Amino acid sequence: MNQALRFAPADAKTLDAAANLIHEAQATRNGARDPSRALSLTIRGLRKSFGDNEVLRGIDLHIPAGQSVAIVGKSGCGKSTLLRLIAGLDQPTAGTIEFGDHEGRPSDHVRVMFQEPRLLPWARVLSNVEVGLGRDRNSPDAKIRADDALKEVGLDEKRGQWPAVLSGGQKQRVALARALVSHPRVLAFDEPLGALDALTRISMQHLLERVWHDQGFTAILVTHDVSEAVALADRVLVIEDGRIVHDIAVDLARPRQRGSAELAALEGNILRELLKEEASDLAGV
């Protein structure tokens, strides 16, 4: 079976079949997810303005610990702004963001993976991952922890390489390892796969799902790709004009088969809602 998969054409169907076999084996080995170190997230009355432009308009949201949530919406709707506020990269105009019962800044709990890998070109792969340890970068076990993170994303053999020689997908794996090395309790993804080709993107989707399953963190994914949202998330939030207009549960077993009737139906429903909102906006112009 392994040889058949190895020599099959590298198309989306083959990647899905291989990933599902891996996921099923991992589920048998690891059992149910353990989100005990993940944090819940509660947002109340969140607003954000840039001058006279109000980007977020009173967001109320609760995300249970360990849940995977996707945020979708057209460009400029406020989804990336919401993610930056959650990560502490910007400050709200009004409202509160709380992480479970834990005090501290968002930077104490949240790590972010961006669309651009943002690797240091003058540092080798292992050193780039060590950056994610922050104040612990100089600890005696820093290199061991960074190497473990690289193994988690399947790039331990690239530890001594320079970023310039890596492919786009490999660079994003290094960026993911850098985010994972500090064992985050909440991991936020801001269009992390948007610049990748289709097959690499599918492979990375499977990797994101696997590390979420294995490490148990709370995941928040901003994406333009509705199929990606329903494939990865327990719940899809649709943002329109700075407000959450739909909160849709994805009550489907994992691993999910891309292209299945259930996923296609849910994706179609979400796309119809997005098109309705866009048509309403155009009618008001």
# chains A, B, ... in the order shown; residues from 1 in each chain; ligands from 1
>>> residues_around(residues="region 52-60 of chain A", least_positions_apart="4", cutoff="7 Å", atoms="only C-alpha atoms", output="count of residues only")
10
>>> select_by_dssp(residues="region 9-246 of chain A", states="strand (DSSP E or B)", output="PyMOL selection string")
chain A and resi 41-50+53-63+68-72+94-99+102+110-114+186-190+218-222+235-240+243-246
>>> closest_atom_pairs(of="region 200-251 of chain A", to="region 261-269 of chain A", cutoff="8 Å", atoms="only C-alpha atoms", output="tab-separated table")
residue	atom	partner	partner_atom	distance
A:Val226	CA	A:Glu267	CA	6.2
A:Ser227	CA	A:Glu267	CA	5.9
A:Val230	CA	A:Glu267	CA	6.6
A:Ala231	CA	A:Leu263	CA	7.2
A:Val250	CA	A:Leu266	CA	7.9
>>> atom_distance(atom1="CA of Phe99 (chain A)", atom2="CA of Leu41 (chain A)")
4.7 Å
>>> residues_around(residues="region 167-177 of chain A", least_positions_apart="3", cutoff="8 Å", atoms="only C-alpha atoms", output="PyMOL selection string")
chain A and resi 113+116-119+125+128-129+146+149-150+152-153+155+163+180-181+192-193+196+200-201+204
>>> closest_residue(among="A:Leu208, A:Asn138, A:Ile220, A:Gln215", to="Ile86 (chain A)", atoms="only C-alpha atoms")
A:Ile220
>>> residues_around(residues="Arg37 (chain A)", least_positions_apart="4", cutoff="9 Å", atoms="only C-alpha atoms", output="list in words")
Ala65, Gly66, Pro184, Arg185, Gln215, Gly216 and Phe217 of chain A
>>> write_last_selection(atoms="N, CA and C atoms", output="PDB file, in the first residue's frame")
ATOM      1  N   ALA A  65     -12.093  26.051  24.552  1.00  0.00           N
ATOM      2  CA  ALA A  65     -10.712  25.589  24.502  1.00  0.00           C
ATOM      3  C   ALA A  65     -10.584  24.387  23.558  1.00  0.00           C
ATOM      4  N   GLY A  66      -9.595  24.438  22.683  1.00  0.00           N
ATOM      5  CA  GLY A  66      -9.315  23.333  21.778  1.00  0.00           C
ATOM      6  C   GLY A  66     -10.116  23.325  20.499  1.00  0.00           C
ATOM      7  N   PRO A 184       2.163  26.751  21.920  1.00  0.00           N
ATOM      8  CA  PRO A 184       1.136  27.762  22.147  1.00  0.00           C
ATOM      9  C   PRO A 184      -0.186  27.158  22.598  1.00  0.00           C
ATOM     10  N   ARG A 185      -0.939  27.924  23.348  1.00  0.00           N
ATOM     11  CA  ARG A 185      -2.255  27.493  23.803  1.00  0.00           C
ATOM     12  C   ARG A 185      -3.340  27.940  22.819  1.00  0.00           C
ATOM     13  N   GLN A 215      -1.396  18.419  19.175  1.00  0.00           N
ATOM     14  CA  GLN A 215      -0.975  19.347  20.225  1.00  0.00           C
ATOM     15  C   GLN A 215      -2.127  19.953  21.010  1.00  0.00           C
ATOM     16  N   GLY A 216      -3.338  19.895  20.487  1.00  0.00           N
ATOM     17  CA  GLY A 216      -4.499  20.265  21.280  1.00  0.00           C
ATOM     18  C   GLY A 216      -4.740  21.737  21.491  1.00  0.00           C
ATOM     19  N   PHE A 217      -4.075  22.627  20.733  1.00  0.00           N
ATOM     20  CA  PHE A 217      -4.271  24.065  20.925  1.00  0.00           C
ATOM     21  C   PHE A 217      -5.612  24.517  20.337  1.00  0.00           C
TER      22      PHE A 217
END
>>> closest_residue(among="A:Ser36, A:Ser203, A:Thr42, A:Thr81", to="Thr96 (chain A)", atoms="only C-alpha atoms")
A:Thr42
>>> closest_residue(among="A:Ser260, A:Thr223, A:Gln91, A:Gln161", to="Ala188 (chain A)", atoms="only C-alpha atoms")
A:Thr223
>>> closest_residue(among="A:Pro255, A:Pro64, A:Pro140, A:Gly134", to="Ala179 (chain A)", atoms="only C-alpha atoms")
A:Gly134
>>> select_by_dssp(residues="region 13-258 of chain A", states="helix (DSSP H, G or I)", output="PyMOL selection string")
chain A and resi 13-30+79-87+106-108+125-138+142-152+156-158+163-165+168-180+198-215+226-232
>>> write_last_selection(atoms="C-alpha atoms", output="tab-separated table (two decimals), in the first residue's frame")
chain	number	residue	atom	x	y	z
A	13	LYS	CA	-7.25	12.69	-4.75
A	14	THR	CA	-3.99	10.82	-4.05
A	15	LEU	CA	-2.92	13.31	-1.40
A	16	ASP	CA	-6.28	13.01	0.34
A	17	ALA	CA	-6.16	9.22	0.28
A	18	ALA	CA	-2.64	9.16	1.75
A	19	ALA	CA	-3.44	11.75	4.41
A	20	ASN	CA	-6.62	9.97	5.49
A	21	LEU	CA	-4.68	6.72	6.02
A	22	ILE	CA	-2.16	8.61	8.14
A	23	HIS	CA	-4.91	10.36	10.12
A	24	GLU	CA	-6.72	7.10	10.83
A	25	ALA	CA	-3.49	5.50	12.08
A	26	GLN	CA	-2.78	8.50	14.29
A	27	ALA	CA	-6.30	8.47	15.69
A	28	THR	CA	-5.87	4.82	16.62
A	29	ARG	CA	-2.50	5.51	18.22
A	30	ASN	CA	-3.28	8.79	19.95
A	79	LYS	CA	-11.32	39.33	9.58
A	80	SER	CA	-7.56	40.00	9.65
A	81	THR	CA	-8.11	42.95	11.96
A	82	LEU	CA	-9.96	40.65	14.35
A	83	LEU	CA	-7.07	38.18	14.25
A	84	ARG	CA	-4.52	40.92	14.97
A	85	LEU	CA	-6.53	42.05	17.99
A	86	ILE	CA	-6.74	38.49	19.31
A	87	ALA	CA	-2.97	38.12	18.90
A	106	PRO	CA	-2.15	37.92	24.46
A	107	SER	CA	1.51	37.41	23.54
A	108	ASP	CA	1.80	35.10	26.54
A	125	VAL	CA	16.48	26.83	9.52
A	126	LEU	CA	17.11	25.64	13.09
A	127	SER	CA	17.96	29.16	14.25
A	128	ASN	CA	14.80	30.51	12.58
A	129	VAL	CA	12.72	28.06	14.60
A	130	GLU	CA	14.55	29.00	17.82
A	131	VAL	CA	13.32	32.57	17.33
A	132	GLY	CA	9.87	31.31	18.30
A	133	LEU	CA	11.13	30.55	21.82
A	134	GLY	CA	11.44	34.24	22.61
A	135	ARG	CA	13.04	34.72	26.02
A	136	ASP	CA	13.75	30.98	26.22
A	137	ARG	CA	15.91	31.07	23.09
A	138	ASN	CA	19.10	30.97	25.18
A	142	ALA	CA	16.53	25.48	22.97
A	143	LYS	CA	18.09	23.55	20.09
A	144	ILE	CA	16.43	20.31	21.21
A	145	ARG	CA	13.03	21.98	21.33
A	146	ALA	CA	13.57	23.59	17.93
A	147	ASP	CA	14.67	20.27	16.45
A	148	ASP	CA	11.58	18.56	17.89
A	149	ALA	CA	9.38	21.22	16.26
A	150	LEU	CA	11.09	20.62	12.91
A	151	LYS	CA	10.46	16.89	13.27
A	152	GLU	CA	6.78	17.66	13.94
A	156	ASP	CA	14.35	17.89	10.62
A	157	GLU	CA	16.71	17.01	7.76
A	158	LYS	CA	16.64	20.70	6.67
A	163	PRO	CA	15.88	29.67	3.89
A	164	ALA	CA	16.78	30.72	0.33
A	165	VAL	CA	17.12	27.10	-0.83
A	168	GLY	CA	7.50	27.85	-0.64
A	169	GLY	CA	5.84	24.95	1.16
A	170	GLN	CA	9.01	24.15	3.09
A	171	LYS	CA	9.34	27.78	4.19
A	172	GLN	CA	5.79	27.68	5.54
A	173	ARG	CA	6.60	24.46	7.40
A	174	VAL	CA	9.53	26.23	9.05
A	175	ALA	CA	7.21	29.10	9.95
A	176	LEU	CA	4.78	26.58	11.45
A	177	ALA	CA	7.59	24.95	13.44
A	178	ARG	CA	8.57	28.39	14.75
A	179	ALA	CA	4.99	28.92	15.91
A	180	LEU	CA	4.77	25.46	17.51
A	198	ALA	CA	-2.89	23.87	-5.10
A	199	LEU	CA	-1.19	20.55	-4.29
A	200	THR	CA	1.18	22.06	-1.72
A	201	ARG	CA	-1.79	23.80	-0.15
A	202	ILE	CA	-3.67	20.51	0.26
A	203	SER	CA	-0.61	18.89	1.81
A	204	MET	CA	-0.24	21.83	4.24
A	205	GLN	CA	-3.93	21.64	5.16
A	206	HIS	CA	-3.41	18.04	6.25
A	207	LEU	CA	-0.34	19.07	8.25
A	208	LEU	CA	-2.23	21.86	10.02
A	209	GLU	CA	-5.01	19.46	10.93
A	210	ARG	CA	-2.53	16.89	12.24
A	211	VAL	CA	-0.59	19.29	14.50
A	212	TRP	CA	-3.88	20.72	15.81
A	213	HIS	CA	-5.00	17.19	16.65
A	214	ASP	CA	-1.68	16.19	18.21
A	215	GLN	CA	-0.98	19.35	20.22
A	226	VAL	CA	-14.35	28.43	1.94
A	227	SER	CA	-13.45	24.82	1.06
A	228	GLU	CA	-10.38	25.13	3.28
A	229	ALA	CA	-12.53	26.51	6.09
A	230	VAL	CA	-15.04	23.64	6.06
A	231	ALA	CA	-12.26	21.05	5.69
A	232	LEU	CA	-10.32	22.25	8.74
>>> closest_residue(among="A:Gly51, A:Val238, A:Glu191, A:His246", to="Cys77 (chain A)", atoms="only C-alpha atoms")
A:Val238
>>> residues_around(residues="Arg235 (chain A)", least_positions_apart="3", cutoff="8 Å", atoms="only C-alpha atoms", output="list in words")
Ser68, Val69, Ala70, Val230, Asp247, Ile248, Ala249 and Val250 of chain A
>>> closest_residue(among="A:Ser139, A:Leu187, A:Arg124, A:Glu240", to="Arg159 (chain A)", atoms="only C-alpha atoms")
A:Arg124
